[in-house]
Structure formats: C-alpha cells, structure tokens
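Content type mmCIF, C-alpha atoms, from the file query-v5.cif:
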```
data_data
#
loop_
_atom_site.label_atom_id
_atom_site.label_comp_id
_atom_site.auth_asym_id
_atom_site.auth_seq_id
_atom_site.Cartn_x
_atom_site.Cartn_y
_atom_site.Cartn_z
CA MET H 1 31.38 -31.56 -31.82
CA GLY H 2 32.12 -28.10 -33.28
CA ILE H 3 34.25 -25.44 -31.61
CA ARG H 4 31.19 -23.29 -30.93
CA GLN H 5 29.31 -26.02 -29.10
CA GLU H 6 32.46 -26.97 -27.20
CA THR H 7 32.94 -23.36 -26.12
CA ASP H 8 29.33 -23.12 -25.00
CA GLU H 9 29.61 -26.24 -22.88
CA LEU H 10 32.91 -25.11 -21.41
CA MET H 11 31.61 -21.67 -20.47
CA CYS H 12 28.48 -23.06 -18.86
CA GLN H 13 30.75 -24.60 -16.21
CA MET H 14 32.61 -21.45 -15.18
CA ARG H 15 32.34 -17.77 -14.40
CA VAL H 16 34.55 -15.21 -16.11
CA THR H 17 36.15 -12.90 -13.54
CA SER H 18 37.26 -9.38 -14.40
CA GLU H 19 40.88 -10.56 -14.59
CA MET H 20 39.99 -13.37 -16.97
CA HIS H 21 37.89 -10.97 -19.02
CA GLN H 22 40.87 -8.62 -19.34
CA ALA H 23 43.08 -11.48 -20.47
CA ILE H 24 40.51 -12.55 -23.04
CA MET H 25 40.24 -9.02 -24.39
CA GLU H 26 44.01 -8.76 -24.68
CA GLY H 27 43.89 -11.96 -26.70
CA ARG H 28 41.42 -10.26 -29.01
CA LYS H 29 43.79 -7.31 -29.38
CA MET H 30 46.38 -9.77 -30.58
CA LYS H 31 44.01 -10.91 -33.31
CA ASN H 32 42.85 -7.45 -34.29
CA HIS H 33 46.17 -5.64 -34.17
CA LYS H 34 48.63 -8.45 -34.93
CA ARG H 35 50.55 -8.03 -31.70
CA VAL H 36 51.13 -10.34 -28.77
CA ALA H 37 49.69 -9.21 -25.46
CA PHE H 38 49.19 -12.42 -23.51
CA ARG H 39 48.97 -12.46 -19.75
CA LYS H 40 49.23 -15.46 -17.49
CA MET H 41 45.82 -17.12 -17.47
CA ALA H 42 44.01 -17.53 -14.17
CA THR H 43 42.90 -21.03 -15.09
CA VAL H 44 43.42 -23.59 -17.83
CA ALA H 45 39.80 -23.06 -18.85
CA ALA H 46 40.46 -19.35 -19.33
CA ALA H 47 43.36 -20.16 -21.62
CA ALA H 48 41.14 -22.44 -23.68
CA VAL H 49 38.53 -19.72 -23.91
CA LEU H 50 41.14 -17.19 -24.97
CA VAL H 51 42.18 -19.39 -27.88
CA SER H 52 38.66 -20.20 -28.96
CA SER H 53 37.48 -16.62 -28.53
CA THR H 54 39.55 -15.60 -31.54
CA MET H 55 36.94 -17.50 -33.55
CA TYR H 56 33.75 -17.39 -31.49
CA VAL H 57 32.29 -16.06 -28.30
CA GLY H 58 29.51 -18.34 -27.03
CA ALA H 59 26.72 -18.81 -24.51
CA GLY H 60 26.64 -15.17 -23.43
CA TYR H 61 29.26 -15.80 -20.73
CA ILE H 62 32.11 -13.88 -22.35
CA MET H 63 31.07 -10.28 -22.68
CA GLU H 64 32.99 -7.19 -23.69
CA ARG H 65 31.40 -5.42 -20.79
CA LEU H 66 31.58 -4.17 -17.30
CA PRO H 67 28.26 -3.29 -15.70
CA VAL H 68 26.85 -0.51 -17.88
CA ARG H 69 26.32 1.32 -14.60
CA GLU H 70 30.09 1.86 -14.47
CA PHE H 71 29.91 4.06 -17.55
CA PHE H 72 27.58 6.42 -15.71
CA ILE H 73 29.19 6.36 -12.28
CA GLU H 74 32.59 7.64 -13.50
CA GLY H 75 33.14 11.26 -12.60
CA ASP H 76 30.00 11.49 -10.46
CA SER H 77 31.01 13.44 -7.36
CA SER H 78 27.82 12.52 -5.50
CA VAL H 79 28.46 8.77 -5.24
CA ILE H 80 29.25 7.09 -1.93
CA THR H 81 32.90 6.03 -1.69
CA VAL H 82 32.99 2.45 -0.44
CA PRO H 83 35.81 1.29 1.90
CA ASP H 84 38.23 -1.06 0.16
CA SER H 85 37.31 -3.91 2.51
CA GLN H 86 33.65 -3.67 1.45
CA LYS H 87 34.09 -3.62 -2.32
CA MET H 88 32.38 -6.69 -3.72
CA PRO H 89 32.58 -6.57 -7.54
CA GLU H 90 31.93 -10.31 -7.78
CA ILE H 91 28.35 -9.68 -6.71
CA TYR H 92 27.68 -8.36 -10.19
CA GLY H 93 28.92 -11.59 -11.71
CA GLU H 94 26.88 -13.70 -9.33
CA VAL H 95 23.72 -11.78 -10.11
CA VAL H 96 24.27 -11.61 -13.86
CA ASP H 97 24.79 -15.35 -14.04
CA SER H 98 21.10 -15.85 -13.37
CA THR H 99 19.73 -12.89 -15.30
CA HIS H 100 19.66 -11.55 -18.82
CA SER H 101 22.78 -10.72 -20.79
CA ALA H 102 23.16 -10.57 -24.54
CA ALA H 103 25.73 -12.73 -26.33
CA THR H 104 28.07 -11.10 -28.85
CA ASP H 105 30.40 -12.47 -31.48
CA LEU H 106 33.77 -10.99 -32.33
CA SER H 107 32.43 -8.54 -34.88
CA GLY H 108 30.26 -7.00 -32.17
CA THR H 109 27.00 -8.23 -33.67
CA VAL H 110 24.58 -10.60 -32.06
CA SER H 111 23.78 -13.94 -33.61
CA ASP H 112 20.42 -15.37 -32.61
CA LYS H 113 21.32 -18.84 -33.86
CA GLU H 114 24.76 -18.85 -32.30
CA ALA H 115 23.97 -17.31 -28.94
CA GLY H 116 24.31 -20.67 -27.20
CA SER H 117 22.29 -22.62 -24.70
CA SER H 118 21.42 -19.63 -22.51
CA MET H 119 19.48 -18.08 -25.39
CA ALA H 120 18.11 -21.38 -26.67
CA GLU H 121 16.34 -21.93 -23.35
CA ARG H 122 14.24 -18.81 -23.83
CA LYS H 123 10.61 -19.63 -24.53
CA THR H 124 10.28 -17.25 -27.46
CA ASP H 125 12.66 -16.05 -30.13
CA VAL H 126 13.47 -12.37 -29.80
CA PRO H 127 14.96 -10.44 -32.74
CA MET H 128 18.54 -9.45 -32.09
CA GLY H 129 20.17 -6.09 -32.63
CA LYS H 130 23.85 -5.24 -32.77
CA TYR H 131 24.46 -5.75 -29.04
CA GLY H 132 21.31 -7.22 -27.50
CA GLU H 133 17.65 -8.16 -27.80
CA LEU H 134 15.52 -5.86 -29.93
CA ILE H 135 12.53 -5.92 -27.61
CA ILE H 136 10.76 -2.84 -29.03
CA ASP H 137 10.97 -1.78 -32.67
CA ASN H 138 8.51 0.62 -34.30
CA GLU H 139 8.44 3.51 -36.75
CA LEU H 140 9.53 6.02 -34.07
CA PHE H 141 12.25 4.29 -32.08
CA SER H 142 13.70 0.94 -31.04
CA ILE H 143 14.99 -0.38 -27.72
CA GLU H 144 17.80 -2.93 -27.64
CA LEU H 145 18.05 -4.58 -24.22
CA LEU H 146 21.62 -5.18 -23.07
CA GLU H 147 21.25 -6.35 -19.47
CA SER H 148 18.68 -6.78 -16.74
CA ILE H 149 19.82 -7.24 -13.15
CA CYS H 150 17.45 -7.98 -10.29
CA THR H 151 18.49 -8.00 -6.62
CA GLY H 152 15.56 -8.19 -4.26
CA ARG H 153 13.45 -5.09 -4.80
CA GLU H 154 15.89 -3.41 -7.16
CA LEU H 155 15.78 -3.93 -10.91
CA SER H 156 18.27 -2.35 -13.30
CA LEU H 157 18.05 -2.31 -17.09
CA SER H 158 20.60 -1.16 -19.63
CA TYR H 159 19.57 -0.62 -23.22
CA ILE H 160 20.28 1.27 -26.41
CA LEU H 161 17.59 3.68 -27.58
CA THR H 162 17.57 4.39 -31.32
CA TYR H 163 15.50 7.25 -32.73
CA LYS H 164 14.07 6.79 -36.21
CA THR H 165 12.72 10.31 -36.77
CA ASP H 166 14.24 13.77 -36.58
CA GLU H 167 12.19 14.53 -33.47
CA ARG H 168 13.94 13.35 -30.31
CA MET H 169 10.86 12.75 -28.22
CA PRO H 170 11.40 11.84 -24.55
CA VAL H 171 11.06 8.07 -24.02
CA GLN H 172 10.43 6.86 -20.47
CA VAL H 173 10.99 3.17 -19.69
CA GLU H 174 9.30 1.36 -16.82
CA VAL H 175 8.70 -2.28 -15.86
CA GLU H 176 5.24 -2.97 -14.47
CA THR H 177 2.37 -5.44 -14.51
CA ASP H 178 -0.52 -5.46 -16.98
CA TYR H 179 -2.42 -3.19 -14.61
CA TYR H 180 -0.20 -0.25 -15.55
CA GLY H 181 -1.23 -0.63 -19.18
CA GLU H 182 -4.88 -0.75 -18.14
CA LEU H 183 -4.31 2.45 -16.22
CA LEU H 184 -2.71 4.21 -19.20
CA ASP H 185 -5.48 3.06 -21.53
CA GLY H 186 -8.26 4.03 -19.15
CA PRO H 187 -9.90 7.41 -18.43
CA SER H 188 -7.48 10.03 -17.11
CA ASP H 189 -9.73 10.92 -14.19
CA VAL H 190 -9.72 7.41 -12.72
CA PRO H 191 -7.34 7.30 -9.71
CA ALA H 192 -4.69 4.61 -9.66
CA ASP H 193 -4.88 1.73 -7.22
CA ASN H 194 -1.39 2.12 -5.75
CA SER H 195 -1.54 -1.33 -4.19
CA ARG H 196 -1.47 -2.82 -7.71
CA LEU H 197 1.52 -0.77 -8.90
CA LEU H 198 5.07 -2.09 -8.46
CA LEU H 199 7.05 1.11 -8.55
CA ALA H 200 8.31 2.80 -5.39
CA ASN H 201 11.30 4.76 -6.72
CA ALA H 202 13.12 5.08 -10.03
CA PHE H 203 15.94 6.92 -11.75
CA GLY H 204 17.89 6.76 -14.98
CA GLU H 205 20.47 8.39 -17.21
CA SER H 206 21.44 8.34 -20.86
CA LEU H 207 24.61 9.02 -22.85
CA ASP H 208 24.75 9.97 -26.51
CA TRP H 209 27.58 9.04 -28.85
CA LYS H 210 29.53 12.20 -28.03
CA HIS H 211 29.63 11.52 -24.29
CA LEU H 212 30.57 7.86 -24.11
CA PRO H 213 33.57 7.33 -21.82
CA GLU H 214 36.90 6.22 -23.17
CA GLY H 215 37.04 2.46 -23.52
CA CYS H 216 33.29 2.03 -23.86
CA ILE H 217 32.63 -0.98 -26.09
CA TYR H 218 29.40 0.35 -27.55
CA GLU H 219 29.71 2.22 -30.83
CA LEU H 220 26.68 4.46 -31.16
CA ASP H 221 25.33 6.41 -34.11
CA GLU H 222 24.21 10.01 -33.78
CA ASN H 223 20.59 8.92 -33.36
CA GLN H 224 21.33 6.53 -30.48
CA GLU H 225 21.66 6.74 -26.71
CA LEU H 226 23.09 4.31 -24.15
CA CYS H 227 20.63 4.23 -21.25
CA ASN H 228 20.73 2.92 -17.71
CA TYR H 229 17.48 2.70 -15.72
CA THR H 230 16.93 1.46 -12.16
CA GLN H 231 13.67 1.03 -10.32
CA LEU H 232 12.80 0.00 -6.78
CA ALA H 233 9.65 -2.06 -6.21
CA LYS H 234 7.49 -2.09 -3.12
CA GLU H 235 8.50 -5.69 -2.44
CA ASP H 236 10.92 -8.31 -3.77
CA TYR H 237 10.41 -9.24 -7.39
CA SER H 238 9.17 -12.72 -8.14
CA SER H 239 10.64 -14.53 -11.12
CA GLY H 240 8.29 -14.36 -14.08
CA MET H 241 7.04 -12.26 -16.97
CA TYR H 242 6.40 -8.55 -16.65
CA GLN H 243 5.71 -5.76 -19.13
CA LEU H 244 8.26 -3.17 -20.21
CA TYR H 245 6.46 0.07 -21.04
CA ALA H 246 8.15 2.68 -23.23
CA GLU H 247 6.11 5.86 -22.93
CA TYR H 248 6.91 8.60 -25.40
CA PHE H 249 6.01 12.28 -25.39
CA MET H 250 5.71 14.21 -28.65
CA GLY H 251 5.73 18.00 -28.54
CA THR H 252 4.56 18.21 -24.95
CA ASP H 253 4.74 21.36 -22.88
CA ILE H 254 4.92 19.33 -19.67
CA ILE H 255 6.62 15.95 -19.29
CA VAL H 256 5.28 13.97 -16.34
CA ASP H 257 7.62 11.46 -14.69
CA TYR H 258 5.19 8.88 -13.33
CA ALA H 259 7.96 7.10 -11.45
CA SER H 260 8.68 10.12 -9.24
CA GLY H 261 5.59 12.25 -9.65
CA THR H 262 7.60 15.25 -10.90
CA GLU H 263 7.00 17.44 -13.93
CA THR H 264 9.54 19.07 -16.27
CA PRO H 265 9.05 21.52 -19.16
CA GLY H 266 8.92 20.10 -22.65
CA GLY H 267 8.79 21.91 -25.97
CA GLY H 268 6.22 22.69 -28.62
CA SER H 269 2.48 22.32 -28.41
CA SER H 270 1.03 19.63 -26.20
CA THR H 271 -0.19 16.54 -28.05
CA GLY H 272 -0.26 14.12 -25.12
CA HIS H 273 1.64 10.84 -24.96
CA THR H 274 1.22 7.16 -25.60
CA TYR H 275 3.32 4.03 -25.24
CA PHE H 276 4.61 0.77 -26.63
CA LYS H 277 5.10 -2.31 -24.50
CA ALA H 278 6.89 -5.64 -24.66
CA PRO H 279 7.03 -8.70 -22.38
CA ILE H 280 10.21 -9.01 -20.34
CA GLU H 281 11.34 -11.90 -18.16
CA ILE H 282 12.68 -11.07 -14.71
CA ILE H 283 14.69 -13.67 -12.81
CA SER H 284 14.62 -12.80 -9.14
CA ASN H 285 17.70 -12.89 -6.96
CA ASP H 286 16.65 -12.09 -3.39
CA ASN H 287 20.00 -12.86 -1.77
CA TYR H 288 20.90 -9.18 -1.60
CA GLY H 289 19.02 -6.28 -0.05
CA ILE H 290 18.09 -4.98 3.39
CA ALA H 291 14.68 -3.41 4.03
CA LEU H 292 14.08 -1.29 7.14
CA SER H 293 10.94 0.59 8.12
CA GLY H 294 9.54 2.37 11.14
CA THR H 295 8.01 5.52 12.55
CA THR H 296 9.62 8.92 12.75
CA ASP H 297 8.76 12.41 13.94
CA LYS H 298 10.17 14.90 11.47
CA THR H 299 8.76 18.33 10.69
CA GLU H 300 9.95 20.36 7.73
CA GLY H 301 8.03 23.60 7.41
CA ASP H 302 4.35 22.74 6.96
CA VAL H 303 5.13 19.05 6.41
CA HIS H 304 5.24 16.38 9.09
CA PHE H 305 6.69 12.93 8.31
CA ASP H 306 5.64 10.01 10.48
CA THR H 307 6.93 6.88 8.66
CA TYR H 308 10.10 5.94 6.79
CA GLU H 309 11.49 3.09 4.71
CA VAL H 310 15.18 2.49 4.00
CA TYR H 311 16.34 -0.05 1.46
CA VAL H 312 19.99 -0.90 0.80
CA SER H 313 20.87 -2.82 -2.36
CA PRO H 314 24.40 -3.72 -3.50
CA TRP H 315 24.50 -0.46 -5.49
CA THR H 316 22.04 2.03 -3.99
CA VAL H 317 20.66 3.41 -0.72
CA TYR H 318 16.99 4.46 -0.84
CA LEU H 319 14.96 6.49 1.63
CA SER H 320 11.22 7.13 1.40
CA MET H 321 9.09 9.02 3.90
CA GLU H 322 5.37 9.59 4.16
CA GLY H 323 3.45 12.22 6.07
CA THR H 324 0.92 15.02 5.94
CA TYR H 325 0.93 18.74 5.22
CA LYS H 326 -1.19 21.80 5.82
CA GLY H 327 -1.90 24.53 3.34
CA GLU H 328 -0.58 24.39 -0.22
CA ILE H 329 2.38 22.37 -1.49
CA SER H 330 3.97 22.87 -4.91
CA ALA H 331 6.39 20.73 -6.88
CA VAL H 332 9.12 23.21 -5.94
CA TRP H 333 8.86 22.23 -2.27
CA GLY H 334 11.58 19.93 -1.05
CA ALA H 335 13.96 20.49 -3.97
CA LYS H 336 16.78 20.97 -1.46
CA SER H 337 15.54 18.45 1.08
CA SER H 338 18.07 15.84 2.18
CA HIS H 339 18.77 13.43 5.03
CA GLU H 340 21.86 11.76 6.44
CA ILE H 341 22.34 7.99 6.44
CA THR H 342 25.32 6.25 8.08
CA ILE H 343 26.00 2.58 7.35
CA GLY H 344 28.32 0.60 9.59
CA PHE H 345 29.86 -2.68 8.48
CA LYS H 346 30.78 -5.74 10.53
CA ASP H 347 34.51 -5.06 10.21
CA GLY H 348 34.16 -1.62 11.80
CA THR H 349 34.28 0.47 8.63
CA LYS H 350 31.42 2.79 7.74
CA VAL H 351 30.13 5.16 5.10
CA CYS H 352 28.14 8.35 5.56
CA THR H 353 26.03 9.81 2.83
CA THR H 354 23.46 12.48 2.13
CA VAL H 355 20.44 11.11 0.29
CA ARG H 356 18.77 13.77 -1.82
CA LEU H 357 15.31 14.22 -3.22
CA SER H 358 14.65 12.22 -6.38
CA GLY H 359 10.85 12.43 -6.48
CA MET H 360 7.73 13.35 -4.56
CA GLY H 361 3.97 12.95 -4.67
CA TYR H 362 1.36 14.95 -2.85
CA GLY H 363 -2.35 15.68 -2.74
CA TYR H 364 -5.35 15.86 -0.38
CA GLY H 365 -3.05 16.58 2.56
CA ASP H 366 -0.81 13.51 2.11
CA ILE H 367 2.77 13.62 0.87
CA ASP H 368 5.53 11.12 0.14
CA VAL H 369 9.14 11.78 -0.86
CA ASN H 370 11.78 9.52 -2.39
CA MET H 371 15.52 10.00 -1.92
CA ARG H 372 18.55 7.98 -2.89
CA ALA H 373 22.33 7.82 -3.22
CA SER H 374 24.55 5.38 -5.11
CA PHE H 375 27.68 3.48 -4.10
CA ASP H 376 30.72 3.83 -6.33
CA THR H 377 30.99 0.04 -6.43
CA ALA H 378 29.01 -2.97 -5.24
CA ILE H 379 28.79 -3.89 -1.57
CA ASP H 380 27.32 -6.93 0.17
CA PRO H 381 24.31 -5.77 2.24
CA GLU H 382 24.73 -8.86 4.43
CA SER H 383 27.95 -7.29 5.76
CA ILE H 384 26.01 -4.32 7.21
CA ALA H 385 25.92 -4.20 11.02
CA SER H 386 24.15 -0.90 11.67
CA VAL H 387 22.21 1.89 9.97
CA MET H 388 21.54 5.39 11.30
CA LEU H 389 19.02 7.88 9.86
CA ASP H 390 19.80 11.48 10.82
CA GLY H 391 21.78 10.25 13.82
CA VAL H 392 19.08 7.86 15.06
CA VAL H 393 19.91 4.13 15.02
CA ILE H 394 17.34 2.18 13.00
CA MET H 395 19.35 -1.06 12.78
CA GLY H 396 22.00 -2.57 15.05
CA GLU H 397 23.69 -0.80 17.91
#
```

As structure tokens, please, write out the structure in this file.
Amino acid sequence: MGIRQETDELMCQMRVTSEMHQAIMEGRKMKNHKRVAFRKMATVAAAAVLVSSTMYVGAGYIMERLPVREFFIEGDSSVITVPDSQKMPEIYGEVVDSTHSAATDLSGTVSDKEAGSSMAERKTDVPMGKYGELIIDNELFSIELLESICTGRELSLSYILTYKTDERMPVQVEVETDYYGELLDGPSDVPADNSRLLLANAFGESLDWKHLPEGCIYELDENQELCNYTQLAKEDYSSGMYQLYAEYFMGTDIIVDYASGTETPGGGSSTGHTYFKAPIEIISNDNYGIALSGTTDKTEGDVHFDTYEVYVSPWTVYLSMEGTYKGEISAVWGAKSSHEITIGFKDGTKVCTTVRLSGMGYGYGDIDVNMRASFDTAIDPESIASVMLDGVVIMGE
C-alpha cells in the first residue's frame, strides 16, 4: 500500500483540529525553509500526518485553510462580538466534514487523480483548478469552487473568480433550482412564482489580490478575486443536486441584485445580462439553526409591518419583515432602517446587535425587507435560551 493511500485511509478516521493544522503547517515550514519548527503533536495520528504531509496531502482532510469567511470578517467593525464561553469553532469542522472541500497537494495545486476517496466518491469528474473544482469555465470568466457549507437554511460558498477579458463585468452567483433558469430564459414580463424560488436573503463580498489579508494561503493574479457568498433559503436545504447560476452584466447602466431586489448603477450602455450555470451538490446539515416567526405591529412612516421571521445560524442573524404601504415607495426608503436583536444563552451570557437593511422588495402595496448581522466567530444555536426583537421577547423568558 502506497504512502498516499495510507494517508487517505488514516485521515478518513480523524478530524484535523486547528491546533493540529497549525502543527502540520509548521512541519511544512520545516520542509520549505529548512528549519525545525516542531510542536508537540496532539495525537500520534497527527504526528504521522505531519511526517507524511511533507510528501502528500490526501483525502481533502488536511487543508491550508481556515473558513474563507475569516478572511472577510477581520477588521469588520459591524460584526457581533461573541462571548468567550459561546465560541464554537469546532462547528465549522463538523459541518465541513460532510460538505465540499477541495484537496490540495504541497505545491498548492489540485490533483484530480490524487484527491483521495472523498473525491472518488463523486458521481462525476469535475475539472480541477489550482485550489478547487473548476465548476464554470468559459471565454469570459471561470469559477473555482473552494468550499460549500450548509447548515439548515444557510448555505455559504467560497470561490475564486477569474476574469478572462479586460472588461470586469459584475458576476452574481446564486444557488437555485431549475425553475430559476426557466425564469431567466422566459419573457421578462412574466411574474415569478415566489413559492418555487429558494432564496430569502443573500449577501457576499470579494477581495482582489491587493487586499488579501496577511497569511492568506491563496495566491491570486491581478485578474482574480476571492469571493465569499452566503444565502438563506426559505426552508432547510435537502441533500441533493442544485444549480449554481453565475449571472453576468456587460456594460449595464443598472445592475439588479435579484437576491435582495436592489439596484445599483453600472457603467456604459445597457446591453442586458445573461448567465452560465453548473450543477452543484449540496449536503444538508440541519443540526444547526433556529427559526422563529410571528406577528408584529410596527409602523415606519407610511409602512406597516405585520409579520417577522428571525433565523439564527452558527454565523449569522437574519431578520425579515413583511407588510404594506400607502403612497409611493422608492428604493431609497429604508436605507437607514434597523432593528435591535438580543440573544441570551443558557449560561447567562448574551449579545446585542443591530441588524441593518440588506435588501428590500416592494410593489402593489406590499413590501418586504431583509436585514442581517454576522457573528465574529461560530456559535451553537442550540445554546440559545432567549431572543428579543426590539425589546419584545420572541423566544424564551
């Protein structure tokens, strides 16, 4: 049995903690820089992996990575500071064990043949890029999927976007069912059947090569961006195949964000937009996430909200409200709207946050708004004892 197969089988029986990962990476520094930087191994298995990792990294279980989300959360003053007793970084490892992660060898490139049993079990062969699966590749751009993480209703994707032309057209990623493609291909005046759409809320960020944080493992070219995208569905995801849509906008005067219903100025003359799509497998993990809903009586100017939904994932707090309005509403309305959410934990600690507007939709007298805020690290929603919305208890005492 070769060292690569042995490593694969060994790693399938264990989870690499952050401490073990650090030790492994220090072992790699020894190889790369000819200096000794060993630390005491947490387990005998970790020591074996450290030795073998100087030749091969297998099965996708050893990754030079933290959650890509961490690259974006650093320096963000708006995140919710989590009490030390509620920090649950191992949740990421538990979730990622059952979802997608790309396997890398020591040179930083991905080997399709050597990616180990976790990749061999996939039903179809997917071309591999430098760091992950090359799920979309065309004459305009490519998308290299790094990670997908699903917890209940929340799905997060990290990927590298590579532009192949001088025009940096906006590219909007979204995971939906085949119905969304039918909607995009159909007449523009046909209203969408919202009951057939997954999306309830979405947000994302991107970093170019000049703005990568220190210590980031991804080496980007000038035509690449590291992207992190998160979307909230209307209900828990079921394991299975979905479609990843990459909509692109070339020379548009107005860029429409279909996830939030907002519009932003573009540049040049309007030529419309189109999309590419690719199948993507989602493995559901519904162990994490709290969904709360109820009625409310909130009036903001000419708008009256009568229902709310709060969803708490390990990384994000979401608030959506629906209501009615009189008169005219513009996209400018609500830009400063916010609400207060207080989360109490079973050990007596709590966090208070202001969720701010991330998107809105309106028309024919009906309006809905989406708000959110992010934790600075993972929490376990099962440890939540109470939730208050604007001082009113909606869960617990």

Output of the PyMOL selection byres ((chain H and resi 359-375) around 8), listed as a JSON list (two decimals) with C-alpha atoms, in the frame of the given file:
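Printed below is expr09.json as written:
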```
[["chain", "number", "residue", "atom", "x", "y", "z"],
["H", 78, "SER", "CA", 27.82, 12.52, -5.50],
["H", 79, "VAL", "CA", 28.46, 8.77, -5.24],
["H", 80, "ILE", "CA", 29.25, 7.09, -1.93],
["H", 81, "THR", "CA", 32.90, 6.03, -1.69],
["H", 82, "VAL", "CA", 32.99, 2.45, -0.44],
["H", 201, "ASN", "CA", 11.30, 4.76, -6.72],
["H", 259, "ALA", "CA", 7.96, 7.10, -11.45],
["H", 260, "SER", "CA", 8.68, 10.12, -9.24],
["H", 261, "GLY", "CA", 5.59, 12.25, -9.65],
["H", 262, "THR", "CA", 7.60, 15.25, -10.90],
["H", 314, "PRO", "CA", 24.40, -3.72, -3.50],
["H", 315, "TRP", "CA", 24.50, -0.46, -5.49],
["H", 316, "THR", "CA", 22.04, 2.03, -3.99],
["H", 317, "VAL", "CA", 20.66, 3.41, -0.72],
["H", 318, "TYR", "CA", 16.99, 4.46, -0.84],
["H", 319, "LEU", "CA", 14.96, 6.49, 1.63],
["H", 320, "SER", "CA", 11.22, 7.13, 1.40],
["H", 321, "MET", "CA", 9.09, 9.02, 3.90],
["H", 322, "GLU", "CA", 5.37, 9.59, 4.16],
["H", 323, "GLY", "CA", 3.45, 12.22, 6.07],
["H", 324, "THR", "CA", 0.92, 15.02, 5.94],
["H", 325, "TYR", "CA", 0.93, 18.74, 5.22],
["H", 326, "LYS", "CA", -1.19, 21.80, 5.82],
["H", 329, "ILE", "CA", 2.38, 22.37, -1.49],
["H", 331, "ALA", "CA", 6.39, 20.73, -6.88],
["H", 338, "SER", "CA", 18.07, 15.84, 2.18],
["H", 353, "THR", "CA", 26.03, 9.81, 2.83],
["H", 354, "THR", "CA", 23.46, 12.48, 2.13],
["H", 355, "VAL", "CA", 20.44, 11.11, 0.29],
["H", 356, "ARG", "CA", 18.77, 13.77, -1.82],
["H", 357, "LEU", "CA", 15.31, 14.22, -3.22],
["H", 358, "SER", "CA", 14.65, 12.22, -6.38],
["H", 376, "ASP", "CA", 30.72, 3.83, -6.33],
["H", 377, "THR", "CA", 30.99, 0.04, -6.43],
["H", 378, "ALA", "CA", 29.01, -2.97, -5.24],
["H", 379, "ILE", "CA", 28.79, -3.89, -1.57]]
```

Translate the PyMOL selection byres ((chain H and resi 132) around 7), as applied to the file shown, into an explicit residue set as a PDB file with C-alpha atoms, keeping the file's coordinate frame.
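Okay, this is what ended up in result-v9.pdb:
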```
ATOM      1  CA  ALA H 102      23.160 -10.570 -24.540  1.00  0.00           C
ATOM      2  CA  VAL H 110      24.580 -10.600 -32.060  1.00  0.00           C
ATOM      3  CA  MET H 128      18.540  -9.450 -32.090  1.00  0.00           C
ATOM      4  CA  GLY H 129      20.170  -6.090 -32.630  1.00  0.00           C
ATOM      5  CA  LYS H 130      23.850  -5.240 -32.770  1.00  0.00           C
ATOM      6  CA  TYR H 131      24.460  -5.750 -29.040  1.00  0.00           C
ATOM      7  CA  GLU H 133      17.650  -8.160 -27.800  1.00  0.00           C
ATOM      8  CA  LEU H 134      15.520  -5.860 -29.930  1.00  0.00           C
ATOM      9  CA  GLU H 144      17.800  -2.930 -27.640  1.00  0.00           C
ATOM     10  CA  LEU H 145      18.050  -4.580 -24.220  1.00  0.00           C
ATOM     11  CA  LEU H 146      21.620  -5.180 -23.070  1.00  0.00           C
TER      12      LEU H 146
END
```

* Report the distance between atom CA of H:Glu70 and atom CA of H:Ser85 in Å, rounded to one decimal place. =>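 The value is 19.3 Å.
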
* **Å distance separating atom CA of H:Ala200 from atom CA of H:Val175, one decimal place** =>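 These two atoms are separated by 11.6 Å.
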
* Between atom CA of H:Met395 and atom CA of H:Lys350 - distance in Å to one decimal ->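 Computing it gives 13.6 Å between the two atoms.
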
Report as a tab-separated table: every residue of stretch 135-183 of chain H with an atom at most 12 Å from stretch 210-224 of chain H, its closest pair of atoms, and their distance in Å to one decimal, counting all atoms listed in the file, with rows sorted by chain and ascending residue number.
```
residue	atom	partner	partner_atom	distance
H:Leu140	CA	H:Asn223	CA	11.5
H:Phe141	CA	H:Gln224	CA	9.5
H:Ser142	CA	H:Gln224	CA	9.5
H:Ile143	CA	H:Gln224	CA	9.8
H:Glu144	CA	H:Gln224	CA	10.5
H:Leu146	CA	H:Tyr218	CA	10.5
H:Ser158	CA	H:Tyr218	CA	11.9
H:Tyr159	CA	H:Gln224	CA	10.3
H:Ile160	CA	H:Gln224	CA	6.7
H:Leu161	CA	H:Gln224	CA	5.5
H:Thr162	CA	H:Gln224	CA	4.4
H:Tyr163	CA	H:Asn223	CA	5.4
H:Lys164	CA	H:Asn223	CA	7.4
H:Thr165	CA	H:Asn223	CA	8.7
H:Asp166	CA	H:Asn223	CA	8.6
H:Glu167	CA	H:Asn223	CA	10.1
H:Arg168	CA	H:Asn223	CA	8.6
H:Met169	CA	H:Asn223	CA	11.7
```

* Selection: 6 Å around H:Asn285, only C-alpha atoms, excl. self and same-chain fewer than 5 positions, as a list in words -> Cys150, Thr151 and Gly152 of chain H

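Minimum distance to H:Ile283 across H:Met241, H:Leu199, H:Thr177, H:Gln172 (counting all atoms listed in the file) occurs at H:Met241.
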
* All residues 12 Å or closer to H:Thr295, all atoms listed in the file, same chain fewer than 3 positions away omitted, as a VMD selection string -> chain H and resid 292 298 304 to 310 320 to 323 389 392 394

* Result set, the PyMOL selection byres ((chain H and resi 88-93) around 7) on current file, as a ChimeraX atom specification -> /H:86-87,94-97,377-380

Enclose stretch 228-236 of chain H, meaning all of its atoms listed in the file, in a box aligned along x, y and z, pad it by 4 Å on each side, and list the centre and edge lengths in Å to one decimal, as AutoDock Vina command-line options.
```
--center_x 14.1 --center_y -2.7 --center_z -10.1 --size_x 21.2 --size_y 19.2 --size_z 23.3
```

* Which one is closest to H:Val173: H:Glu225, H:Glu247, H:Asp84, H:Glu328? Count all atoms listed in the file. ->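 Nearest to H:Val173: H:Glu247.
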
* Asked: Between H:Gly186, H:Gly181, H:Gly396, H:Pro67, which is the closest to H:Pro279 once you count only C-alpha atoms?
  ->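 Among H:Gly186, H:Gly181, H:Gly396, H:Pro67, it is H:Gly181 that comes nearest to H:Pro279.
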